[in-house]
>>> print(open('model.cif').read())   # mmCIF, C-alpha atoms, pLDDT in the B column; chains and numbers go by the auth columns
data_final
loop_
_atom_site.group_PDB
_atom_site.id
_atom_site.type_symbol
_atom_site.label_atom_id
_atom_site.label_comp_id
_atom_site.label_asym_id
_atom_site.label_seq_id
_atom_site.Cartn_x
_atom_site.Cartn_y
_atom_site.Cartn_z
_atom_site.B_iso_or_equiv
_atom_site.auth_seq_id
_atom_site.auth_asym_id
ATOM 1 C CA MET A 1 -36.141 -59.933 -140.051 66.00 1 W
ATOM 2 C CA VAL A 2 -33.112 -59.969 -137.740 71.00 2 W
ATOM 3 C CA LEU A 3 -35.191 -58.645 -134.849 72.00 3 W
ATOM 4 C CA LYS A 4 -37.748 -61.439 -135.336 76.00 4 W
ATOM 5 C CA LEU A 5 -34.975 -64.022 -135.295 68.00 5 W
ATOM 6 C CA MET A 6 -33.490 -62.502 -132.144 68.00 6 W
ATOM 7 C CA GLU A 7 -36.867 -62.305 -130.422 75.00 7 W
ATOM 8 C CA SER A 8 -37.692 -65.901 -131.257 78.00 8 W
ATOM 9 C CA GLY A 9 -34.567 -67.165 -129.499 77.00 9 W
ATOM 10 C CA ALA A 10 -34.244 -64.542 -126.767 78.00 10 W
ATOM 11 C CA LYS A 11 -35.587 -66.740 -123.967 83.00 11 W
ATOM 12 C CA GLU A 12 -33.358 -69.673 -124.826 85.00 12 W
ATOM 13 C CA ILE A 13 -30.289 -67.460 -125.265 82.00 13 W
ATOM 14 C CA THR A 14 -30.909 -65.722 -121.963 83.00 14 W
ATOM 15 C CA GLU A 15 -31.307 -69.036 -120.188 86.00 15 W
ATOM 16 C CA ALA A 16 -28.107 -70.377 -121.814 88.00 16 W
ATOM 17 C CA VAL A 17 -26.089 -67.321 -120.766 85.00 17 W
ATOM 18 C CA ILE A 18 -27.412 -67.549 -117.210 88.00 18 W
ATOM 19 C CA LYS A 19 -26.616 -71.279 -117.087 91.00 19 W
ATOM 20 C CA ALA A 20 -23.091 -70.611 -118.413 91.00 20 W
ATOM 21 C CA ALA A 21 -22.539 -67.890 -115.800 89.00 21 W
ATOM 22 C CA LYS A 22 -23.736 -70.192 -113.028 93.00 22 W
ATOM 23 C CA GLY A 23 -21.379 -72.833 -114.378 93.00 23 W
ATOM 24 C CA GLY A 24 -18.383 -70.553 -113.949 93.00 24 W
ATOM 25 C CA ASP A 25 -18.147 -68.893 -117.370 91.00 25 W
ATOM 26 C CA MET A 26 -16.742 -65.505 -116.348 92.00 26 W
ATOM 27 C CA THR A 27 -17.493 -63.921 -119.729 92.00 27 W
ATOM 28 C CA ALA A 28 -21.145 -64.815 -119.353 87.00 28 W
ATOM 29 C CA ALA A 29 -21.117 -63.659 -115.738 88.00 29 W
ATOM 30 C CA ARG A 30 -19.567 -60.325 -116.712 89.00 30 W
ATOM 31 C CA PHE A 31 -22.128 -59.925 -119.491 87.00 31 W
ATOM 32 C CA ILE A 32 -24.987 -60.438 -117.046 84.00 32 W
ATOM 33 C CA LEU A 33 -23.500 -58.228 -114.334 86.00 33 W
ATOM 34 C CA ASP A 34 -22.828 -55.427 -116.831 85.00 34 W
ATOM 35 C CA ARG A 35 -26.507 -55.479 -117.741 84.00 35 W
ATOM 36 C CA LEU A 36 -27.749 -55.679 -114.140 84.00 36 W
ATOM 37 C CA ALA A 37 -25.368 -53.117 -112.661 81.00 37 W
ATOM 38 C CA PRO A 38 -23.502 -51.194 -115.359 76.00 38 W
ATOM 39 C CA PRO A 39 -20.352 -49.385 -114.260 76.00 39 W
ATOM 40 C CA ALA A 40 -21.175 -45.961 -112.871 73.00 40 W
ATOM 41 C CA LYS A 41 -20.138 -43.119 -115.122 79.00 41 W
ATOM 42 C CA GLU A 42 -20.642 -40.566 -112.394 81.00 42 W
ATOM 43 C CA ARG A 43 -20.845 -40.568 -108.647 84.00 43 W
ATOM 44 C CA PRO A 44 -22.462 -38.090 -106.309 87.00 44 W
ATOM 45 C CA ILE A 45 -19.921 -35.773 -104.744 88.00 45 W
ATOM 46 C CA THR A 46 -20.170 -33.342 -101.886 90.00 46 W
ATOM 47 C CA LEU A 47 -18.079 -30.217 -101.974 93.00 47 W
ATOM 48 C CA ALA A 48 -18.794 -27.095 -99.971 93.00 48 W
ATOM 49 C CA LEU A 49 -18.542 -24.108 -102.277 94.00 49 W
ATOM 50 C CA PRO A 50 -18.790 -20.434 -101.373 94.00 50 W
ATOM 51 C CA ASN A 51 -21.742 -18.377 -102.515 94.00 51 W
ATOM 52 C CA THR A 52 -21.405 -17.740 -106.244 94.00 52 W
ATOM 53 C CA ILE A 53 -23.536 -14.628 -106.404 93.00 53 W
ATOM 54 C CA SER A 54 -20.535 -12.417 -107.131 92.00 54 W
ATOM 55 C CA ALA A 55 -17.341 -12.557 -109.165 91.00 55 W
ATOM 56 C CA ALA A 56 -15.362 -12.905 -105.944 95.00 56 W
ATOM 57 C CA GLY A 57 -17.485 -15.899 -104.914 96.00 57 W
ATOM 58 C CA ILE A 58 -16.957 -17.502 -108.296 96.00 58 W
ATOM 59 C CA VAL A 59 -13.193 -17.076 -107.968 96.00 59 W
ATOM 60 C CA GLU A 60 -13.366 -18.673 -104.504 97.00 60 W
ATOM 61 C CA ALA A 61 -15.499 -21.536 -105.850 97.00 61 W
ATOM 62 C CA GLN A 62 -13.011 -22.268 -108.627 97.00 62 W
ATOM 63 C CA ALA A 63 -10.187 -22.220 -106.055 97.00 63 W
ATOM 64 C CA ALA A 64 -12.132 -24.641 -103.838 97.00 64 W
ATOM 65 C CA ILE A 65 -12.602 -26.998 -106.786 97.00 65 W
ATOM 66 C CA LEU A 66 -8.888 -26.886 -107.578 97.00 66 W
ATOM 67 C CA GLU A 67 -8.012 -27.533 -103.944 97.00 67 W
ATOM 68 C CA ALA A 68 -10.404 -30.495 -103.804 97.00 68 W
ATOM 69 C CA VAL A 69 -8.616 -32.070 -106.771 97.00 69 W
ATOM 70 C CA ALA A 70 -5.214 -31.311 -105.277 97.00 70 W
ATOM 71 C CA VAL A 71 -6.018 -33.137 -102.037 97.00 71 W
ATOM 72 C CA GLY A 72 -7.805 -35.999 -103.784 95.00 72 W
ATOM 73 C CA ASP A 73 -11.352 -35.283 -102.594 95.00 73 W
ATOM 74 C CA ILE A 74 -12.672 -35.234 -106.161 95.00 74 W
ATOM 75 C CA LEU A 75 -11.400 -36.548 -109.471 93.00 75 W
ATOM 76 C CA PRO A 76 -10.184 -34.248 -112.246 95.00 76 W
ATOM 77 C CA GLY A 77 -13.180 -35.128 -114.429 93.00 77 W
ATOM 78 C CA GLU A 78 -15.537 -34.263 -111.609 94.00 78 W
ATOM 79 C CA ALA A 79 -13.699 -30.973 -111.140 96.00 79 W
ATOM 80 C CA THR A 80 -14.125 -30.215 -114.822 96.00 80 W
ATOM 81 C CA ALA A 81 -17.874 -30.761 -114.532 95.00 81 W
ATOM 82 C CA LEU A 82 -18.106 -28.582 -111.412 95.00 82 W
ATOM 83 C CA ALA A 83 -15.949 -25.863 -112.942 97.00 83 W
ATOM 84 C CA GLY A 84 -18.252 -25.879 -115.960 97.00 84 W
ATOM 85 C CA ILE A 85 -21.263 -25.364 -113.708 96.00 85 W
ATOM 86 C CA VAL A 86 -19.531 -22.496 -111.917 97.00 86 W
ATOM 87 C CA GLU A 87 -18.550 -21.004 -115.285 97.00 87 W
ATOM 88 C CA ALA A 88 -22.164 -21.180 -116.452 97.00 88 W
ATOM 89 C CA ARG A 89 -23.122 -19.339 -113.271 96.00 89 W
ATOM 90 C CA ARG A 90 -20.473 -16.705 -114.004 96.00 90 W
ATOM 91 C CA LYS A 91 -21.817 -16.215 -117.513 97.00 91 W
ATOM 92 C CA ALA A 92 -25.364 -15.857 -116.191 96.00 92 W
ATOM 93 C CA ILE A 93 -24.245 -13.194 -113.712 94.00 93 W
ATOM 94 C CA GLU A 94 -22.243 -11.423 -116.410 95.00 94 W
ATOM 95 C CA THR A 95 -25.237 -11.440 -118.754 96.00 95 W
ATOM 96 C CA ALA A 96 -27.541 -10.049 -116.077 95.00 96 W
ATOM 97 C CA GLU A 97 -25.046 -7.311 -115.192 94.00 97 W
ATOM 98 C CA LEU A 98 -24.539 -6.360 -118.846 96.00 98 W
ATOM 99 C CA GLU A 99 -28.284 -6.246 -119.384 97.00 99 W
ATOM 100 C CA ALA A 100 -28.688 -3.923 -116.407 95.00 100 W
ATOM 101 C CA ARG A 101 -25.859 -1.672 -117.609 96.00 101 W
ATOM 102 C CA ILE A 102 -27.283 -1.473 -121.131 96.00 102 W
ATOM 103 C CA ALA A 103 -30.739 -0.678 -119.777 95.00 103 W
ATOM 104 C CA ALA A 104 -29.249 2.091 -117.597 94.00 104 W
ATOM 105 C CA LEU A 105 -27.329 3.560 -120.555 94.00 105 W
ATOM 106 C CA GLU A 106 -30.420 3.448 -122.754 93.00 106 W
ATOM 107 C CA ALA A 107 -32.482 5.094 -120.053 91.00 107 W
ATOM 108 C CA SER A 108 -29.915 7.861 -119.540 90.00 108 W
ATOM 109 C CA HIS A 109 -29.765 8.595 -123.280 88.00 109 W
ATOM 110 C CA ALA A 110 -33.540 8.513 -123.685 78.00 110 W
ATOM 111 C CA LYS A 111 -34.027 11.434 -121.274 69.00 111 W
ATOM 112 C CA PRO A 112 -33.901 14.942 -122.807 65.00 112 W
#
>>> encode(input="model.cif", output="structure tokens")
Amino acid sequence: MVLKLMESGAKEITEAVIKAAKGGDMTAARFILDRLAPPAKERPITLALPNTISAAGIVEAQAAILEAVAVGDILPGEATALAGIVEARRKAIETAELEARIAALEASHAKP
């Protein structure tokens, strides 16, 4: 029922808000602008990181992220996101290495 009521007046309401914004109503203008171009929650960032194929590379990548925050190249929230990605990479490497070690142990114990 509420949706039908809203739909029936949507055109008129939209036109009224647009007219109010054009007339200088900053609340209406903000409402429209927030719908047309909402504030960005994230921004693309560029940060050169070392190769993260090894534990040493991961340590270097985390240090590079910290340095980027320290000098103001990236924001702390962005650093947290990047550090999380690097940590996920570390876990993937760790899992692959553990899998290989377990397989090697199993193979060595399977032989008579």
>>> residues_around(input="model.cif", residues="Ala61 (chain W)", least_positions_apart="4", cutoff="8 Å", atoms="only C-alpha atoms", output="list in words")
Leu49, Pro50, Asn51, Thr52, Gly57, Ile65 and Val86 of chain W
>>> atom_distance(input="model.cif", atom1="CA of Ala20 (chain W)", atom2="CA of Leu33 (chain W)")
13.0 Å
>>> closest_residue(input="model.cif", among="W:Ala21, W:Ile45, W:Ala110, W:Ala92", to="Ala79 (chain W)", atoms="only C-alpha atoms")
W:Ile45
>>> atom_distance(input="model.cif", atom1="CA of Ala56 (chain W)", atom2="CA of Val69 (chain W)")
20.3 Å
>>> closest_residue(input="model.cif", among="W:Ala83, W:Leu75, W:Ile32, W:Leu3", to="Ala16 (chain W)", atoms="all atoms listed in the file")
W:Ile32
>>> atom_distance(input="model.cif", atom1="CA of Lys41 (chain W)", atom2="CA of Leu82 (chain W)")
15.1 Å
>>> closest_residue(input="model.cif", among="W:Ala55, W:Ile18, W:Ala10, W:Ala28", to="Glu94 (chain W)", atoms="all atoms listed in the file")
W:Ala55
>>> build_atoms(input="model.cif", residues="region 60-87 of chain W", atoms="N, CA and C atoms", output="PDB file, keeping the file's coordinate frame")
ATOM      1  N   GLU W  60     -13.557 -17.803-105.674  1.00 97.00           N
ATOM      2  CA  GLU W  60     -13.366 -18.673-104.504  1.00 97.00           C
ATOM      3  C   GLU W  60     -13.854 -20.091-104.793  1.00 97.00           C
ATOM      4  N   ALA W  61     -14.969 -20.211-105.514  1.00 97.00           N
ATOM      5  CA  ALA W  61     -15.499 -21.536-105.850  1.00 97.00           C
ATOM      6  C   ALA W  61     -14.528 -22.290-106.749  1.00 97.00           C
ATOM      7  N   GLN W  62     -13.979 -21.612-107.743  1.00 97.00           N
ATOM      8  CA  GLN W  62     -13.011 -22.268-108.627  1.00 97.00           C
ATOM      9  C   GLN W  62     -11.772 -22.697-107.833  1.00 97.00           C
ATOM     10  N   ALA W  63     -11.342 -21.862-106.895  1.00 97.00           N
ATOM     11  CA  ALA W  63     -10.187 -22.220-106.055  1.00 97.00           C
ATOM     12  C   ALA W  63     -10.507 -23.438-105.190  1.00 97.00           C
ATOM     13  N   ALA W  64     -11.728 -23.498-104.664  1.00 97.00           N
ATOM     14  CA  ALA W  64     -12.132 -24.641-103.838  1.00 97.00           C
ATOM     15  C   ALA W  64     -12.153 -25.925-104.656  1.00 97.00           C
ATOM     16  N   ILE W  65     -12.584 -25.832-105.903  1.00 97.00           N
ATOM     17  CA  ILE W  65     -12.602 -26.998-106.786  1.00 97.00           C
ATOM     18  C   ILE W  65     -11.171 -27.472-107.050  1.00 97.00           C
ATOM     19  N   LEU W  66     -10.292 -26.537-107.341  1.00 97.00           N
ATOM     20  CA  LEU W  66      -8.888 -26.886-107.578  1.00 97.00           C
ATOM     21  C   LEU W  66      -8.272 -27.532-106.344  1.00 97.00           C
ATOM     22  N   GLU W  67      -8.547 -26.983-105.193  1.00 97.00           N
ATOM     23  CA  GLU W  67      -8.012 -27.533-103.944  1.00 97.00           C
ATOM     24  C   GLU W  67      -8.537 -28.954-103.704  1.00 97.00           C
ATOM     25  N   ALA W  68      -9.814 -29.169-103.997  1.00 97.00           N
ATOM     26  CA  ALA W  68     -10.404 -30.495-103.804  1.00 97.00           C
ATOM     27  C   ALA W  68      -9.720 -31.536-104.685  1.00 97.00           C
ATOM     28  N   VAL W  69      -9.350 -31.149-105.898  1.00 97.00           N
ATOM     29  CA  VAL W  69      -8.616 -32.070-106.771  1.00 97.00           C
ATOM     30  C   VAL W  69      -7.216 -32.295-106.209  1.00 97.00           C
ATOM     31  N   ALA W  70      -6.592 -31.221-105.766  1.00 97.00           N
ATOM     32  CA  ALA W  70      -5.214 -31.311-105.277  1.00 97.00           C
ATOM     33  C   ALA W  70      -5.086 -32.247-104.082  1.00 97.00           C
ATOM     34  N   VAL W  71      -6.092 -32.272-103.222  1.00 97.00           N
ATOM     35  CA  VAL W  71      -6.018 -33.137-102.037  1.00 97.00           C
ATOM     36  C   VAL W  71      -6.675 -34.498-102.264  1.00 97.00           C
ATOM     37  N   GLY W  72      -7.237 -34.694-103.454  1.00 95.00           N
ATOM     38  CA  GLY W  72      -7.805 -35.999-103.784  1.00 95.00           C
ATOM     39  C   GLY W  72      -9.242 -36.204-103.351  1.00 95.00           C
ATOM     40  N   ASP W  73      -9.944 -35.142-102.993  1.00 95.00           N
ATOM     41  CA  ASP W  73     -11.352 -35.283-102.594  1.00 95.00           C
ATOM     42  C   ASP W  73     -12.261 -35.547-103.788  1.00 95.00           C
ATOM     43  N   ILE W  74     -11.908 -34.993-104.938  1.00 95.00           N
ATOM     44  CA  ILE W  74     -12.672 -35.234-106.161  1.00 95.00           C
ATOM     45  C   ILE W  74     -11.698 -35.545-107.291  1.00 95.00           C
ATOM     46  N   LEU W  75     -12.210 -36.181-108.310  1.00 93.00           N
ATOM     47  CA  LEU W  75     -11.400 -36.548-109.471  1.00 93.00           C
ATOM     48  C   LEU W  75     -11.333 -35.381-110.454  1.00 93.00           C
ATOM     49  N   PRO W  76     -10.294 -35.340-111.277  1.00 95.00           N
ATOM     50  CA  PRO W  76     -10.184 -34.248-112.246  1.00 95.00           C
ATOM     51  C   PRO W  76     -11.409 -34.107-113.157  1.00 95.00           C
ATOM     52  N   GLY W  77     -11.980 -35.199-113.587  1.00 93.00           N
ATOM     53  CA  GLY W  77     -13.180 -35.128-114.429  1.00 93.00           C
ATOM     54  C   GLY W  77     -14.355 -34.519-113.690  1.00 93.00           C
ATOM     55  N   GLU W  78     -14.475 -34.849-112.425  1.00 94.00           N
ATOM     56  CA  GLU W  78     -15.537 -34.263-111.609  1.00 94.00           C
ATOM     57  C   GLU W  78     -15.310 -32.761-111.449  1.00 94.00           C
ATOM     58  N   ALA W  79     -14.038 -32.389-111.269  1.00 96.00           N
ATOM     59  CA  ALA W  79     -13.699 -30.973-111.140  1.00 96.00           C
ATOM     60  C   ALA W  79     -14.047 -30.223-112.419  1.00 96.00           C
ATOM     61  N   THR W  80     -13.792 -30.846-113.547  1.00 96.00           N
ATOM     62  CA  THR W  80     -14.125 -30.215-114.822  1.00 96.00           C
ATOM     63  C   THR W  80     -15.623 -29.955-114.918  1.00 96.00           C
ATOM     64  N   ALA W  81     -16.414 -30.933-114.506  1.00 95.00           N
ATOM     65  CA  ALA W  81     -17.874 -30.761-114.532  1.00 95.00           C
ATOM     66  C   ALA W  81     -18.299 -29.641-113.585  1.00 95.00           C
ATOM     67  N   LEU W  82     -17.760 -29.638-112.380  1.00 95.00           N
ATOM     68  CA  LEU W  82     -18.106 -28.582-111.412  1.00 95.00           C
ATOM     69  C   LEU W  82     -17.658 -27.207-111.899  1.00 95.00           C
ATOM     70  N   ALA W  83     -16.454 -27.140-112.438  1.00 97.00           N
ATOM     71  CA  ALA W  83     -15.949 -25.863-112.942  1.00 97.00           C
ATOM     72  C   ALA W  83     -16.835 -25.355-114.079  1.00 97.00           C
ATOM     73  N   GLY W  84     -17.338 -26.263-114.886  1.00 97.00           N
ATOM     74  CA  GLY W  84     -18.252 -25.879-115.960  1.00 97.00           C
ATOM     75  C   GLY W  84     -19.548 -25.299-115.421  1.00 97.00           C
ATOM     76  N   ILE W  85     -20.046 -25.878-114.338  1.00 96.00           N
ATOM     77  CA  ILE W  85     -21.263 -25.364-113.708  1.00 96.00           C
ATOM     78  C   ILE W  85     -21.014 -23.972-113.139  1.00 96.00           C
ATOM     79  N   VAL W  86     -19.874 -23.804-112.477  1.00 97.00           N
ATOM     80  CA  VAL W  86     -19.531 -22.496-111.917  1.00 97.00           C
ATOM     81  C   VAL W  86     -19.346 -21.481-113.039  1.00 97.00           C
ATOM     82  N   GLU W  87     -18.738 -21.897-114.141  1.00 97.00           N
ATOM     83  CA  GLU W  87     -18.550 -21.004-115.285  1.00 97.00           C
ATOM     84  C   GLU W  87     -19.888 -20.592-115.882  1.00 97.00           C
TER      85      GLU W  87
END
